[in-house]
Amino acid sequence: MRSAPPFWFLPVLLCATFLVYLPVLSHSFVFDDVVVIGESELVRDWRNLPHLLTRSYFPLSREYSYRPVVTLSYALEQALWPDRAGLFHLTNLLLHLGVLAAIFWLARRLFGDGAACLPPLLLAWHPSLSEAVNAVGFREDLLAALGGVLALRVALGGLRLARAESGPPLRQRSATGRAALACLLYLVALFSKEMVLTLPLLFGAAVVLLDGRPRRRAWGMLGAFLFTTLAYGVVRFVVMTPPAAKPIAPLAGSLAAGVGVMIRVLAFYVQSLVLPLWQNADYATPGSALAPLVVSLAVLGGLALVLLWSRRRQALVAVGLAWFALALLPVMNVVPLENPLADRYLYFPGIGFALASGAGLWRLWEALQRRWRVALLACLALTLLGTAALTRQRSFVWRSDAALWSDALRRSPGKARPWNNYGVIAWRREQVARAAYAYRVAAWLEARYADPLRNLALLEAARERPDRAARWLRTALTLDPEHLANRLLYGQYLGEIGSWDAAILAWQQGRYIAYESRPFLEAMVGAAPLRGRPLALLGVQRQLVARAPTDASAINALGSTWYRLGVVDKALAQYQEALRLQPDSLPTRYNLGALAQRQGRLRDAAARYRAILRAHPEHAPSHAALGVVWYWLKQPTRAIAEFSAALRLPSSPSDLDFKLGMALLAVGARQQAARRLAAFLAAGGGTAAQRRQASSETERLAPK
């Protein structure tokens with residue numbers, strides 16, 4: 001009779017894992033966390049959550065793939081504990097513990113005895129999987145793995161697997177209900193990260209390897225998974241396709257070279273699981289040298305032999321290796337990835353490797369005599385202690401961006417990216433000379449790398465040298481002419497040195513604005529080259545509104561630009577939308593009054609200004625505008641009252657003396673009118689037409 005796993009195993013494992021990862025609770029936001037949490041409008045503003053289901057998701061979330069489950073989790077946390085990095089990290093750690101519990105549940109279904117303890121034990125604090133736990137921005141791997149493992153456990157729980165160690169399931173449930181629950185969990189995993197897209201293949205491989213002749217229920221479950229995959233594909237690749245982004249260049253130019261690169265990528269992942277000693281935040285892209293290819297082929301050949309042997313002798317080992325191979329397919333660079341390699345890509349495939357290793361170790365344990373079992377147990381204990389120490393050390397490396405990129409620079413001093421990011425950290429610490437040196441080294445190490453050139457431009461701009469900044473950006477744009485942020489900055493610096501036409505042209509040539517940050521666009525709206533060019537300003541403002549569709553102030557500013565261009569209907573639409581989003585917005589209410597005044601709806605304008613003054617009696621522009629309306633309505637006494645009230649307030653318009661003087665003339669107060677008009681001329685304010693009229697009236701009122 002086989003022994004069941006001890007009841008205390010899972011709680012002890014989870015507590016030990018929590019203690020190993022305990023340092024993460026004091027960490028700050030690192031790596032991509034600042035972007036997906038600090039700059040995501042979906043995360044920081046609950047009013048944007050409906051855009052989870054629209055294509056505005058991509059610019060608002062700062063994500064390049066459609067992952068609404070992850071973004072929703074960030075938004076919930078931001079609402080509960082805003083910007084408290086430790087609690088965000090705690091959520092990641094709890095998700096990791098949930099994945100371990102799900103793996104144990106699945107292993108009990110497959111193994112049925114004490115061997116079920118081995119897979120979660122091997123993964124609990126594996127250094128190569130720690131990246132997904134240490135960085136909040138990589139939560140998608142945790143959520144995808146949790147949903148995927150639970151979906152497989154539910155799906156396999158309803159089948160009789162002849163070669164699984166646990167026999168038939170203890171409790172039968174409705175096949176339809178089980179399939180629905182499994183597909184729902186699969187969808188949660190897919191909308192967390194598309195890496196689990198091969199789960200139907202994984203389920204089919206497990207059924208074939210463990211059952212030999214799949215029954216009708218297994219075929220039905222597989223059909224449900226395939227239908228779910230098809231539905232997800234329609235949503236992900238048809239309905240919710242991201243805006244056009246710059247294509248990613250493949251790692252190799254030819255098919256043969258591409259196959260060689262993929263072999264090296266696979267060998268890298270195998271090495272990361274078997275010998276996790278060289279973790280680095282900056283990964284080396286596999287090269288074309290012959291020796292690494294030969295070693296990689298040898299490693300993969302050995303894995304193929306193990307798989308062939310295990311297929312006949314040990315089905316559970318075969319299931320684990322098939323899981324590892326199939327789960328890695330989406331990140332094998334068949335379709336080029338922005339990051340060709342990353343430890344976090346191993347999180348879901350590593351579960352299969354742990355299942356295979358656990359099954360193999362358990363069979364070895366059963367075959368050994370007592371004294372050799374003690375030796376095996378000692379080796380396993382030492383391995384687990386070593387991996388726990390490595391994982392804890394990596395947790396300290398991920399405590400901040402400064403620690404992370406200092407470690408990467410120490411490990412890879414000949415690579416450009418660590419130098420560039422180290423320069424960014426030095427710049428934040430106001431170590432200008434060190435930052436400039438790091439940027440120049442990065443640019444020297446990799447001639448095709450544009451980021452250090454841009455950072456050098458920003459550094460020169462901070463030193464008030466826009467001409468040098470423009471030169472650095474011009475060089476960066478020769479490397480990447482479609483980089484929007486560089487193009488917009490280039491235009492800004494050209495404007496600062498007086499080349500306005502070249503600046504506007506540089507902005508008009510920019511593309512892919514959807515992924516750029518909202519603060520940058522807001523800065524561009526106020527840039528000097530655009531202030532006198534409403535058409536160029538309009539283009540940037542429209543992109544800003546597309547980036548932040550619920551920002552009432554941005555929409556109101558766009559309406560004001562339409563107003564300046566004389567497109568009254570579009571201005572009115574923007575003002576009304578801004579007022580709907582923020583009913584108490586004083587600038588928007590004032591602009592609606594000004595628009596009604598411009599259209600000749602004077603009674604409506606007066607009503608709007610009076611409503612503003614009831615709530616804000618010290619708003620001088622509304623007093624002045626209402627005075628103009630009363631003057632046009634032939635009510636000069638009321639106009640005088642409003643102009644006088646505006647004059648008593650700070651920030652009153654510069655032409656108030658002129659308007660008050662004209663209103664006083666209308667009621668016959670000639671001497672008072674003359675004094676006001678003289679004061680207006682002495683101040684030198686107003687328009688040229690107002691000054692000519694004031695001069696004419698002053699001469700007419702002067703005593704003869």
# chains A, B, ... in the order shown; residues from 1 in each chain; ligands from 1
>>> closest_atom_pairs(of="region 113-132 of chain A", to="region 359-380 of chain A", cutoff="9 Å", atoms="only C-alpha atoms", output="JSON lines")
{"residue": "A:Gly114", "atom": "CA", "partner": "A:Trp362", "partner_atom": "CA", "distance": 8.5}
{"residue": "A:Ala115", "atom": "CA", "partner": "A:Trp362", "partner_atom": "CA", "distance": 5.8}
{"residue": "A:Ala116", "atom": "CA", "partner": "A:Ala359", "partner_atom": "CA", "distance": 8.6}
{"residue": "A:Leu118", "atom": "CA", "partner": "A:Ala359", "partner_atom": "CA", "distance": 8.0}
{"residue": "A:Pro119", "atom": "CA", "partner": "A:Ala359", "partner_atom": "CA", "distance": 8.3}
>>> residues_around(residues="Pro413 (chain A)", least_positions_apart="4", cutoff="12 Å", atoms="only C-alpha atoms", output="list of chain:residue names")
A:Asn280, A:Asp282, A:Trp405, A:Ser406, A:Asp407, A:Ala408, A:Leu409, A:Arg417, A:Pro418, A:Trp419, A:Asn420, A:Tyr422, A:Ala438, A:Val441, A:Ala442, A:Leu445
>>> write_last_selection(atoms="all heavy atoms", output="tab-separated table (two decimals), in the first residue's frame")
chain	number	residue	atom	x	y	z
A	280	ASN	N	21.08	36.87	-14.08
A	280	ASN	CA	21.49	38.23	-14.45
A	280	ASN	C	20.26	38.93	-15.03
A	280	ASN	O	19.51	38.34	-15.81
A	280	ASN	CB	22.61	38.17	-15.50
A	280	ASN	CG	23.24	39.52	-15.75
A	280	ASN	OD1	22.69	40.56	-15.38
A	280	ASN	ND2	24.40	39.52	-16.39
A	282	ASP	N	20.27	41.19	-17.13
A	282	ASP	CA	20.52	41.45	-18.55
A	282	ASP	C	21.00	40.15	-19.19
A	282	ASP	O	22.07	39.65	-18.87
A	282	ASP	CB	21.57	42.54	-18.72
A	282	ASP	CG	21.69	42.99	-20.16
A	282	ASP	OD1	20.71	43.54	-20.68
A	282	ASP	OD2	22.75	42.77	-20.76
A	405	TRP	N	20.91	46.85	-11.14
A	405	TRP	CA	21.79	47.15	-12.27
A	405	TRP	C	23.25	47.24	-11.86
A	405	TRP	O	24.15	47.03	-12.71
A	405	TRP	CB	21.32	48.41	-12.98
A	405	TRP	CG	20.01	48.16	-13.65
A	405	TRP	CD1	18.79	48.67	-13.31
A	405	TRP	CD2	19.79	47.27	-14.74
A	405	TRP	NE1	17.82	48.15	-14.12
A	405	TRP	CE2	18.40	47.29	-15.01
A	405	TRP	CE3	20.60	46.45	-15.50
A	405	TRP	CZ2	17.83	46.54	-16.03
A	405	TRP	CZ3	20.03	45.69	-16.52
A	405	TRP	CH2	18.66	45.74	-16.77
A	406	SER	N	23.53	47.47	-10.59
A	406	SER	CA	24.91	47.35	-10.13
A	406	SER	C	25.36	45.89	-10.22
A	406	SER	O	26.48	45.59	-10.63
A	406	SER	CB	25.03	47.86	-8.69
A	406	SER	OG	24.76	49.24	-8.62
A	407	ASP	N	24.47	44.97	-9.83
A	407	ASP	CA	24.78	43.54	-9.94
A	407	ASP	C	24.94	43.13	-11.40
A	407	ASP	O	25.86	42.37	-11.75
A	407	ASP	CB	23.67	42.73	-9.27
A	407	ASP	CG	23.87	41.24	-9.42
A	407	ASP	OD1	24.68	40.66	-8.67
A	407	ASP	OD2	23.20	40.64	-10.31
A	408	ALA	N	24.04	43.62	-12.27
A	408	ALA	CA	24.15	43.28	-13.70
A	408	ALA	C	25.45	43.81	-14.30
A	408	ALA	O	26.09	43.13	-15.12
A	408	ALA	CB	22.95	43.84	-14.46
A	409	LEU	N	25.86	45.00	-13.89
A	409	LEU	CA	27.11	45.57	-14.40
A	409	LEU	C	28.31	44.77	-13.90
A	409	LEU	O	29.29	44.56	-14.64
A	409	LEU	CB	27.22	47.03	-13.97
A	409	LEU	CG	28.38	47.83	-14.55
A	409	LEU	CD1	28.31	47.86	-16.06
A	409	LEU	CD2	28.37	49.25	-13.98
A	417	ARG	N	23.67	47.50	-22.12
A	417	ARG	CA	22.45	47.80	-21.37
A	417	ARG	C	22.71	48.02	-19.88
A	417	ARG	O	22.16	48.97	-19.30
A	417	ARG	CB	21.45	46.67	-21.58
A	417	ARG	CG	20.06	46.97	-21.04
A	417	ARG	CD	19.15	45.79	-21.26
A	417	ARG	NE	17.81	46.01	-20.78
A	417	ARG	CZ	17.01	45.04	-20.36
A	417	ARG	NH1	17.44	43.79	-20.37
A	417	ARG	NH2	15.80	45.29	-19.93
A	418	PRO	N	23.51	47.19	-19.19
A	418	PRO	CA	23.78	47.49	-17.79
A	418	PRO	C	24.45	48.85	-17.58
A	418	PRO	O	24.14	49.56	-16.61
A	418	PRO	CB	24.69	46.34	-17.35
A	418	PRO	CG	24.37	45.22	-18.28
A	418	PRO	CD	24.08	45.89	-19.59
A	419	TRP	N	25.37	49.22	-18.47
A	419	TRP	CA	26.00	50.53	-18.34
A	419	TRP	C	24.98	51.65	-18.50
A	419	TRP	O	24.99	52.63	-17.74
A	419	TRP	CB	27.10	50.68	-19.39
A	419	TRP	CG	28.41	50.06	-19.01
A	419	TRP	CD1	28.93	48.88	-19.46
A	419	TRP	CD2	29.36	50.59	-18.09
A	419	TRP	NE1	30.14	48.63	-18.89
A	419	TRP	CE2	30.45	49.67	-18.03
A	419	TRP	CE3	29.42	51.74	-17.31
A	419	TRP	CZ2	31.55	49.88	-17.23
A	419	TRP	CZ3	30.54	51.95	-16.51
A	419	TRP	CH2	31.59	51.03	-16.47
A	420	ASN	N	24.09	51.52	-19.47
A	420	ASN	CA	23.08	52.56	-19.69
A	420	ASN	C	22.17	52.69	-18.48
A	420	ASN	O	21.91	53.80	-18.00
A	420	ASN	CB	22.27	52.24	-20.94
A	420	ASN	CG	21.17	53.24	-21.18
A	420	ASN	OD1	21.41	54.38	-21.53
A	420	ASN	ND2	19.92	52.82	-20.97
A	422	TYR	N	22.75	51.70	-15.42
A	422	TYR	CA	23.53	52.20	-14.29
A	422	TYR	C	23.66	53.73	-14.39
A	422	TYR	O	23.61	54.44	-13.37
A	422	TYR	CB	24.90	51.54	-14.28
A	422	TYR	CG	25.79	52.00	-13.14
A	422	TYR	CD1	25.58	51.54	-11.85
A	422	TYR	CD2	26.82	52.90	-13.38
A	422	TYR	CE1	26.40	51.96	-10.81
A	422	TYR	CE2	27.64	53.33	-12.34
A	422	TYR	CZ	27.42	52.86	-11.07
A	422	TYR	OH	28.22	53.28	-10.04
A	438	ALA	N	28.90	56.62	-17.88
A	438	ALA	CA	28.22	55.34	-18.13
A	438	ALA	C	27.50	55.36	-19.48
A	438	ALA	O	27.54	54.37	-20.23
A	438	ALA	CB	27.22	55.06	-17.00
A	441	VAL	N	30.09	55.00	-22.29
A	441	VAL	CA	30.58	53.62	-22.39
A	441	VAL	C	29.55	52.74	-23.08
A	441	VAL	O	29.88	51.92	-23.94
A	441	VAL	CB	30.93	53.07	-20.99
A	441	VAL	CG1	31.24	51.58	-21.06
A	441	VAL	CG2	32.11	53.82	-20.40
A	442	ALA	N	28.27	52.90	-22.70
A	442	ALA	CA	27.21	52.10	-23.33
A	442	ALA	C	27.14	52.37	-24.83
A	442	ALA	O	27.02	51.43	-25.63
A	442	ALA	CB	25.87	52.40	-22.67
A	445	LEU	N	30.11	50.62	-26.48
A	445	LEU	CA	30.05	49.16	-26.50
A	445	LEU	C	29.10	48.65	-27.58
A	445	LEU	O	29.32	47.58	-28.15
A	445	LEU	CB	29.60	48.64	-25.13
A	445	LEU	CG	30.64	48.70	-24.01
A	445	LEU	CD1	30.00	48.35	-22.68
A	445	LEU	CD2	31.80	47.77	-24.30
>>> residues_around(residues="region 668-673 of chain A", least_positions_apart="5", cutoff="10 Å", atoms="only C-alpha atoms", output="list in words")
Asp657, Phe658, Lys659, Leu660, Gly661, Met662, Ala663, Ala678, Ala679, Ala694, Glu697, Thr698, Leu701 and Ala702 of chain A
>>> select_by_dssp(residues="region 585-646 of chain A", states="helix (DSSP H, G or I)", output="MDAnalysis selection string")
chainID A and resid 586:598 602:615 620:632 636:646
>>> residues_around(residues="Leu106 (chain A)", least_positions_apart="2", cutoff="12 Å", atoms="only C-alpha atoms", output="compact mmCIF listing (two decimals) with N, CA, C and O atoms, in the first residue's frame")
# COMPACT_ATOMS: atom_id res chain seq x y z
N VAL A 99 0.55 28.90 -6.28
CA VAL A 99 1.01 28.02 -7.36
C VAL A 99 1.59 26.74 -6.78
O VAL A 99 1.33 25.63 -7.29
N LEU A 100 2.37 26.84 -5.70
CA LEU A 100 2.94 25.65 -5.08
C LEU A 100 1.84 24.72 -4.57
O LEU A 100 1.92 23.49 -4.73
N ALA A 101 0.81 25.30 -3.96
CA ALA A 101 -0.31 24.47 -3.49
C ALA A 101 -1.03 23.80 -4.66
O ALA A 101 -1.41 22.62 -4.57
N ALA A 102 -1.20 24.52 -5.77
CA ALA A 102 -1.85 23.93 -6.94
C ALA A 102 -1.01 22.81 -7.54
O ALA A 102 -1.53 21.77 -7.98
N ILE A 103 0.32 22.99 -7.57
CA ILE A 103 1.20 21.93 -8.07
C ILE A 103 1.11 20.69 -7.19
O ILE A 103 1.06 19.56 -7.68
N PHE A 104 1.05 20.88 -5.88
CA PHE A 104 0.92 19.75 -4.96
C PHE A 104 -0.40 19.01 -5.20
O PHE A 104 -0.44 17.77 -5.20
N ARG A 108 -0.57 15.16 -6.51
CA ARG A 108 -1.29 14.10 -5.79
C ARG A 108 -2.20 13.33 -6.74
O ARG A 108 -2.38 12.12 -6.59
N ARG A 109 -2.77 14.02 -7.71
CA ARG A 109 -3.62 13.33 -8.70
C ARG A 109 -2.78 12.41 -9.58
O ARG A 109 -3.20 11.30 -9.92
N LEU A 110 -1.57 12.84 -9.93
CA LEU A 110 -0.74 12.06 -10.84
C LEU A 110 0.08 10.99 -10.11
O LEU A 110 0.22 9.87 -10.60
N PHE A 111 0.64 11.33 -8.94
CA PHE A 111 1.54 10.42 -8.24
C PHE A 111 0.79 9.55 -7.23
O PHE A 111 1.05 8.36 -7.12
N GLY A 112 -0.07 10.19 -6.44
CA GLY A 112 -0.89 9.44 -5.50
C GLY A 112 -0.19 9.01 -4.24
O GLY A 112 -0.81 8.39 -3.37
N ASP A 113 1.10 9.31 -4.04
CA ASP A 113 1.80 8.90 -2.84
C ASP A 113 2.76 10.00 -2.41
O ASP A 113 2.64 11.15 -2.83
N ALA A 115 5.52 10.78 -3.37
CA ALA A 115 6.23 11.45 -4.47
C ALA A 115 5.61 12.79 -4.82
O ALA A 115 6.28 13.65 -5.42
N ALA A 116 4.34 13.00 -4.45
CA ALA A 116 3.69 14.27 -4.75
C ALA A 116 4.36 15.44 -4.04
O ALA A 116 4.15 16.60 -4.41
N CYS A 117 5.14 15.15 -3.01
CA CYS A 117 5.84 16.24 -2.29
C CYS A 117 7.00 16.81 -3.09
O CYS A 117 7.41 17.96 -2.85
N LEU A 118 7.55 16.04 -4.01
CA LEU A 118 8.80 16.45 -4.65
C LEU A 118 8.65 17.62 -5.63
O LEU A 118 9.46 18.56 -5.59
N PRO A 119 7.68 17.63 -6.56
CA PRO A 119 7.61 18.76 -7.50
C PRO A 119 7.48 20.13 -6.84
O PRO A 119 8.27 21.04 -7.17
N PRO A 120 6.54 20.35 -5.89
CA PRO A 120 6.52 21.68 -5.27
C PRO A 120 7.77 21.97 -4.45
O PRO A 120 8.20 23.13 -4.35
N LEU A 146 -0.74 29.78 -12.22
CA LEU A 146 -1.79 29.37 -11.30
C LEU A 146 -3.04 28.92 -12.04
O LEU A 146 -3.59 27.84 -11.78
N GLY A 148 -3.24 27.97 -15.21
CA GLY A 148 -2.95 26.81 -16.04
C GLY A 148 -2.90 25.52 -15.26
O GLY A 148 -3.46 24.49 -15.67
N VAL A 149 -2.22 25.52 -14.10
CA VAL A 149 -2.13 24.31 -13.29
C VAL A 149 -3.50 23.90 -12.77
O VAL A 149 -3.87 22.71 -12.81
N LEU A 150 -4.28 24.86 -12.29
CA LEU A 150 -5.62 24.54 -11.80
C LEU A 150 -6.51 24.01 -12.93
O LEU A 150 -7.30 23.07 -12.73
N ALA A 151 -6.40 24.58 -14.12
CA ALA A 151 -7.20 24.10 -15.25
C ALA A 151 -6.84 22.65 -15.58
O ALA A 151 -7.73 21.81 -15.81
N LEU A 152 -5.55 22.32 -15.59
CA LEU A 152 -5.15 20.94 -15.86
C LEU A 152 -5.60 19.99 -14.76
O LEU A 152 -6.04 18.87 -15.03
N ARG A 153 -5.50 20.44 -13.51
CA ARG A 153 -5.94 19.57 -12.41
C ARG A 153 -7.43 19.29 -12.49
O ARG A 153 -7.87 18.14 -12.30
N VAL A 154 -8.22 20.28 -12.79
CA VAL A 154 -9.67 20.07 -12.92
C VAL A 154 -9.96 19.16 -14.10
O VAL A 154 -10.80 18.25 -14.02
N ALA A 155 -9.27 19.38 -15.23
CA ALA A 155 -9.52 18.57 -16.42
C ALA A 155 -9.12 17.12 -16.21
O ALA A 155 -9.86 16.19 -16.57
N LEU A 156 -7.94 16.88 -15.62
CA LEU A 156 -7.48 15.51 -15.40
C LEU A 156 -8.23 14.82 -14.27
O LEU A 156 -8.27 13.59 -14.21
N GLY A 157 -8.82 15.62 -13.38
CA GLY A 157 -9.53 15.02 -12.26
C GLY A 157 -10.75 14.22 -12.64
O GLY A 157 -11.21 13.37 -11.88
N ALA A 164 -1.50 6.62 -14.39
CA ALA A 164 -1.28 7.50 -13.23
C ALA A 164 -1.29 6.65 -11.97
O ALA A 164 -1.97 5.63 -11.90
N SER A 166 -2.45 7.23 -8.98
CA SER A 166 -3.51 7.38 -7.99
C SER A 166 -4.78 6.65 -8.36
O SER A 166 -5.74 6.67 -7.60
N GLY A 320 6.14 15.05 -17.62
CA GLY A 320 6.85 16.25 -17.18
C GLY A 320 7.72 16.85 -18.27
O GLY A 320 7.72 18.07 -18.47
N ILE A 351 7.45 23.88 -14.14
CA ILE A 351 6.57 22.95 -13.42
C ILE A 351 6.68 21.56 -14.04
O ILE A 351 6.76 20.54 -13.33
N GLY A 352 6.72 21.48 -15.36
CA GLY A 352 6.89 20.19 -16.02
C GLY A 352 8.23 19.56 -15.70
O GLY A 352 8.32 18.34 -15.46
N LEU A 355 7.96 18.09 -12.30
CA LEU A 355 7.20 16.83 -12.30
C LEU A 355 8.08 15.68 -12.78
O LEU A 355 8.08 14.59 -12.19
